[in-house]
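Right, one structure below, let's go through it.
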Amino acid sequence: MKRLATLAFLVAAIAAIAAAASARAGSTAARAGEPVVESTFPAAGQLTVNSVVVRSQPTRAARRIAVMHQFRSDYRPQEILAVASATGPKGTPWYRISVPMRPNGRYGWIPAADVTVAPTVAQIVIDRGRRTIDVYRGGKHVLHAIVAVGAPGMETPLGHFYVAARYVPVNDPVLGVYALETSAYSKLSDWPGGGIVGIHGTDEPWLLGKAVSHGCVRVSNATASRLRRLAPLGTPIFIKA
């Protein structure tokens, strides 16, 4: 009788453990459908939906300020830079993002469920007055170099931006060996790409240290090659006076 009672207790205990494990699995499955919200910023990544409406506040009832698509007109994925998060109505998480469109300096909100982001690992700082570029990676200063900036009337814009695309120029020595496309726009709206500001190499290194470009930041080809290794997509860029 005592042995039967012990067996019954063991069976009941195993059933209870199995039920608890099943409940935990069900809870995990329920949570699996929820977006993983990043809490360390800035964070960068790409859209997981075909398009998303950027709103002025973290709610679907807020004013629409832009529409962003998963792929750009050149078929590259649209990179997103998130700078903060907030909880909207009904507990919906949202990200505050930098909007890579005119005018410079716009920010808006998109649902966190529509994008996957991770903390950025590097930062670019451009001093327009001193005409220098510095790169920090993992909190360490890893690059310092001289640059050329926009000429008077076509000044390189000031503010906070990010690396929106990266590519090797083909049959275009003016851009040097490598180019970073930023989310900034120059004063020349009729320039290729609508006036997008780039950070790129040059075939005229003797002009570095001067204000001669149409708004882009020119670097030596050696610096451009290093930027290729040091500045991934989504890298924040601070251009200061």
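Following the order of the structure tokens, chains are lettered A, B, ..., residues in each are numbered from 1, and ligands are numbered from 1.
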
* Asked: Got a sec: who's within 10 Å of range 102-110 of chain A, counting only C-alpha atoms, leaving out chain neighbours fewer than 3 positions off, as a PyMOL selection string?
  -> chain A and resi 52-60+62-68+82-86+93-99+113-115+157-161+183-186+189+194-196

* Asked: So which bits of range 48-209 of chain A end up helix (DSSP H, G or I) when you DSSP the backbone, as a list of chain:residue names?
  -> A:Pro89, A:Lys90, A:Gly91, A:Ala112, A:Ala113, A:Asp114, A:Pro173, A:Val174, A:Leu175, A:Pro192, A:Gly193, A:Gly194, A:Gly195, A:Pro205, A:Trp206, A:Leu207

* **Contacts of Met154 in chain A at 12 Å (only C-alpha atoms; same-chain gap of 6+ positions) as a PyMOL selection string** => chain A and resi 185-189+191+195+197+211-217

* Atom-to-atom span, CA of Gln70 in chain A and CA of Phe238 in chain A, Å ->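 Pair CA of Gln70 in chain A / CA of Phe238 in chain A returns 25.0 Å.
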
* **Residue among A:Pro236, A:Pro111, A:Gly209, A:Pro42 lying closest to Thr132 in chain A, counting only C-alpha atoms** => A:Gly209

Selection: 12 Å around Pro173 in chain A, only C-alpha atoms, excl. self and same-chain fewer than 2 positions, as a compact mmCIF listing (two decimals) with N, CA and C atoms, in the first residue's frame:
```
# COMPACT_ATOMS: atom_id res chain seq x y z
N VAL A 168 30.85 50.54 -54.01
CA VAL A 168 32.08 50.79 -54.75
C VAL A 168 31.69 51.50 -56.04
N PRO A 169 32.13 52.74 -56.25
CA PRO A 169 31.81 53.45 -57.49
C PRO A 169 32.35 52.72 -58.71
N VAL A 170 31.56 52.66 -59.75
CA VAL A 170 31.96 51.98 -60.98
C VAL A 170 32.17 53.03 -62.08
N ASN A 171 33.36 53.05 -62.64
CA ASN A 171 33.70 54.00 -63.71
C ASN A 171 33.41 55.44 -63.32
N LEU A 175 34.46 59.81 -57.40
CA LEU A 175 34.03 59.32 -56.09
C LEU A 175 35.09 58.45 -55.42
N GLY A 176 36.21 58.26 -56.08
CA GLY A 176 37.28 57.49 -55.47
C GLY A 176 36.98 56.00 -55.41
N VAL A 177 37.61 55.33 -54.46
CA VAL A 177 37.54 53.87 -54.40
C VAL A 177 36.33 53.36 -53.61
N TYR A 178 35.72 54.23 -52.81
CA TYR A 178 34.58 53.78 -52.01
C TYR A 178 33.74 54.98 -51.60
N ALA A 179 32.43 54.73 -51.41
CA ALA A 179 31.53 55.82 -51.07
C ALA A 179 30.50 55.39 -50.03
N HIS A 200 32.98 60.25 -49.58
CA HIS A 200 33.60 59.39 -50.60
C HIS A 200 35.04 59.77 -50.87
N GLY A 201 35.73 58.86 -51.55
CA GLY A 201 37.10 59.11 -51.96
C GLY A 201 37.16 60.17 -53.04
N THR A 202 38.36 60.42 -53.54
CA THR A 202 38.52 61.47 -54.55
C THR A 202 39.71 61.19 -55.46
N ASP A 203 39.63 61.71 -56.67
CA ASP A 203 40.77 61.63 -57.58
C ASP A 203 41.55 62.96 -57.57
N GLU A 204 41.20 63.85 -56.62
CA GLU A 204 41.89 65.14 -56.47
C GLU A 204 42.30 65.33 -55.02
N PRO A 205 43.20 64.51 -54.51
CA PRO A 205 43.56 64.58 -53.09
C PRO A 205 44.18 65.90 -52.67
N ASN A 221 41.50 58.36 -50.75
CA ASN A 221 41.11 56.99 -51.05
C ASN A 221 41.54 56.02 -49.96
```

* Asked: Near Leu143 in chain A, within 10 Å and counting only C-alpha atoms, which residues show up once chain neighbours fewer than 3 positions away are dropped, as a VMD selection string?
  -> chain A and resid 124 133 to 137 140 223 226 to 227 230

Where does DSSP see strand (DSSP E) in range 55-167 of chain A, if you list the residues as a compact mmCIF listing (two decimals) with N, CA and C atoms, in the first residue's frame?
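Output file out_31.txt follows:
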```
# COMPACT_ATOMS: atom_id res chain seq x y z
N ARG A 55 4.90 58.59 -38.48
CA ARG A 55 3.93 59.49 -37.86
C ARG A 55 4.60 60.46 -36.90
N ARG A 64 0.46 61.93 -40.37
CA ARG A 64 1.39 61.22 -41.25
C ARG A 64 2.39 62.20 -41.82
N ILE A 65 3.70 61.90 -41.65
CA ILE A 65 4.71 62.83 -42.15
C ILE A 65 5.54 62.25 -43.30
N ALA A 66 5.51 60.94 -43.49
CA ALA A 66 6.26 60.32 -44.59
C ALA A 66 5.85 58.86 -44.73
N VAL A 67 6.22 58.28 -45.85
CA VAL A 67 6.06 56.84 -46.07
C VAL A 67 7.42 56.28 -46.47
N MET A 68 7.86 55.24 -45.79
CA MET A 68 9.13 54.63 -46.12
C MET A 68 8.88 53.21 -46.63
N HIS A 69 9.67 52.80 -47.62
CA HIS A 69 9.49 51.50 -48.25
C HIS A 69 10.66 50.57 -47.91
N GLU A 79 17.66 51.44 -45.03
CA GLU A 79 18.21 51.36 -43.68
C GLU A 79 17.47 52.34 -42.76
N ILE A 80 17.25 51.89 -41.52
CA ILE A 80 16.52 52.69 -40.53
C ILE A 80 17.43 52.97 -39.35
N LEU A 81 17.42 54.21 -38.84
CA LEU A 81 18.14 54.55 -37.62
C LEU A 81 17.13 54.96 -36.56
N ALA A 82 17.06 54.18 -35.49
CA ALA A 82 16.16 54.48 -34.37
C ALA A 82 16.97 55.15 -33.26
N VAL A 83 16.37 56.19 -32.67
CA VAL A 83 17.08 56.94 -31.63
C VAL A 83 16.40 56.86 -30.27
N ALA A 84 15.18 56.31 -30.22
CA ALA A 84 14.46 56.20 -28.96
C ALA A 84 13.26 55.28 -29.15
N SER A 85 12.64 54.88 -28.05
CA SER A 85 11.42 54.07 -28.12
C SER A 85 10.38 54.64 -27.18
N ALA A 86 9.13 54.29 -27.43
CA ALA A 86 8.03 54.73 -26.58
C ALA A 86 6.90 53.72 -26.69
N THR A 87 6.03 53.74 -25.70
CA THR A 87 4.87 52.85 -25.72
C THR A 87 3.64 53.66 -26.08
N PRO A 93 4.61 49.10 -28.84
CA PRO A 93 5.92 49.76 -28.85
C PRO A 93 6.19 50.46 -30.18
N TRP A 94 6.82 51.63 -30.11
CA TRP A 94 7.18 52.41 -31.29
C TRP A 94 8.64 52.84 -31.18
N TYR A 95 9.26 53.11 -32.36
CA TYR A 95 10.60 53.67 -32.41
C TYR A 95 10.54 55.07 -33.00
N ARG A 96 11.33 55.96 -32.41
CA ARG A 96 11.54 57.28 -33.02
C ARG A 96 12.72 57.16 -33.96
N ILE A 97 12.52 57.52 -35.23
CA ILE A 97 13.56 57.30 -36.24
C ILE A 97 13.95 58.61 -36.92
N SER A 98 15.15 58.60 -37.47
CA SER A 98 15.61 59.69 -38.32
C SER A 98 15.02 59.47 -39.71
N TYR A 107 12.36 63.89 -37.74
CA TYR A 107 12.21 62.64 -37.00
C TYR A 107 10.74 62.27 -36.96
N GLY A 108 10.48 60.98 -36.82
CA GLY A 108 9.10 60.52 -36.74
C GLY A 108 9.05 59.18 -36.03
N TRP A 109 7.86 58.58 -35.97
CA TRP A 109 7.65 57.34 -35.23
C TRP A 109 7.10 56.25 -36.13
N ILE A 110 7.62 55.02 -35.96
CA ILE A 110 7.08 53.86 -36.67
C ILE A 110 6.89 52.73 -35.66
N PRO A 111 5.96 51.80 -35.92
CA PRO A 111 5.76 50.67 -35.01
C PRO A 111 7.02 49.81 -34.93
N VAL A 115 10.11 46.74 -37.98
CA VAL A 115 11.54 46.89 -38.23
C VAL A 115 12.32 46.04 -37.24
N THR A 116 13.48 45.59 -37.67
CA THR A 116 14.40 44.88 -36.78
C THR A 116 15.67 45.70 -36.66
N VAL A 117 16.02 46.10 -35.44
CA VAL A 117 17.20 46.95 -35.24
C VAL A 117 18.12 46.34 -34.19
N ALA A 118 19.37 46.77 -34.21
CA ALA A 118 20.37 46.38 -33.22
C ALA A 118 21.25 47.59 -32.94
N PRO A 119 21.82 47.69 -31.74
CA PRO A 119 22.66 48.85 -31.41
C PRO A 119 23.79 49.04 -32.41
N ALA A 122 29.51 51.98 -34.28
CA ALA A 122 30.47 53.01 -34.64
C ALA A 122 29.78 54.37 -34.71
N GLN A 123 30.59 55.42 -34.79
CA GLN A 123 30.08 56.78 -34.98
C GLN A 123 31.09 57.57 -35.80
N ILE A 124 30.56 58.39 -36.71
CA ILE A 124 31.39 59.29 -37.51
C ILE A 124 31.14 60.72 -37.05
N VAL A 125 32.21 61.45 -36.81
CA VAL A 125 32.09 62.87 -36.45
C VAL A 125 32.87 63.68 -37.47
N ILE A 126 32.19 64.61 -38.12
CA ILE A 126 32.83 65.48 -39.11
C ILE A 126 32.80 66.91 -38.58
N ASP A 127 33.96 67.51 -38.51
CA ASP A 127 34.09 68.91 -38.08
C ASP A 127 34.24 69.75 -39.35
N THR A 132 37.81 67.98 -40.75
CA THR A 132 38.35 66.69 -40.31
C THR A 132 37.23 65.68 -40.16
N ILE A 133 37.60 64.42 -40.18
CA ILE A 133 36.68 63.32 -39.92
C ILE A 133 37.31 62.43 -38.84
N ASP A 134 36.50 62.00 -37.89
CA ASP A 134 36.93 61.08 -36.85
C ASP A 134 35.92 59.95 -36.76
N VAL A 135 36.42 58.75 -36.55
CA VAL A 135 35.55 57.59 -36.40
C VAL A 135 35.83 56.95 -35.05
N TYR A 136 34.75 56.61 -34.36
CA TYR A 136 34.82 55.92 -33.08
C TYR A 136 34.11 54.58 -33.24
N ARG A 137 34.75 53.54 -32.75
CA ARG A 137 34.16 52.21 -32.85
C ARG A 137 34.37 51.48 -31.53
N LYS A 140 36.17 53.46 -28.95
CA LYS A 140 37.56 53.82 -29.18
C LYS A 140 37.72 54.68 -30.43
N HIS A 141 38.65 55.62 -30.35
CA HIS A 141 38.94 56.48 -31.50
C HIS A 141 39.82 55.70 -32.46
N VAL A 142 39.32 55.43 -33.67
CA VAL A 142 40.03 54.54 -34.59
C VAL A 142 40.47 55.22 -35.89
N LEU A 143 40.02 56.46 -36.14
CA LEU A 143 40.40 57.12 -37.39
C LEU A 143 40.32 58.63 -37.25
N HIS A 144 41.34 59.31 -37.76
CA HIS A 144 41.33 60.77 -37.87
C HIS A 144 41.95 61.12 -39.21
N ALA A 145 41.27 61.99 -39.97
CA ALA A 145 41.78 62.35 -41.30
C ALA A 145 41.26 63.72 -41.72
N ILE A 146 41.89 64.27 -42.75
CA ILE A 146 41.49 65.55 -43.32
C ILE A 146 40.46 65.31 -44.42
N VAL A 149 35.12 69.84 -47.79
CA VAL A 149 33.69 70.03 -47.53
C VAL A 149 33.07 70.95 -48.58
N GLY A 150 31.79 71.26 -48.40
CA GLY A 150 31.07 72.06 -49.37
C GLY A 150 31.60 73.48 -49.50
N GLY A 159 24.30 68.69 -38.60
CA GLY A 159 23.25 67.94 -37.92
C GLY A 159 23.61 66.48 -37.72
N HIS A 160 22.59 65.71 -37.33
CA HIS A 160 22.75 64.28 -37.06
C HIS A 160 22.15 63.48 -38.21
N PHE A 161 22.94 62.60 -38.79
CA PHE A 161 22.53 61.78 -39.92
C PHE A 161 23.01 60.35 -39.72
N TYR A 162 22.99 59.54 -40.77
CA TYR A 162 23.51 58.18 -40.65
C TYR A 162 23.88 57.62 -42.03
N VAL A 163 24.63 56.53 -42.03
CA VAL A 163 25.03 55.89 -43.28
C VAL A 163 23.84 55.11 -43.83
N ALA A 164 23.34 55.55 -44.97
CA ALA A 164 22.14 54.95 -45.56
C ALA A 164 22.47 53.90 -46.62
N ALA A 165 23.65 54.00 -47.23
CA ALA A 165 24.06 53.03 -48.26
C ALA A 165 25.57 53.06 -48.38
N ARG A 166 26.14 51.98 -48.92
CA ARG A 166 27.58 51.86 -49.13
C ARG A 166 27.81 51.18 -50.47
N TYR A 167 28.80 51.66 -51.22
CA TYR A 167 29.04 51.02 -52.50
C TYR A 167 30.42 51.37 -53.06
```

* Separation of CA of Val219 in chain A and CA of Ile199 in chain A, in Å? ->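 So the two atoms, CA of Val219 in chain A and CA of Ile199 in chain A, lie 7.1 Å apart.
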
* Expressed in Å to a single decimal, how great is the separation between CA of Val49 in chain A and CA of Arg229 in chain A? -> 28.8 Å
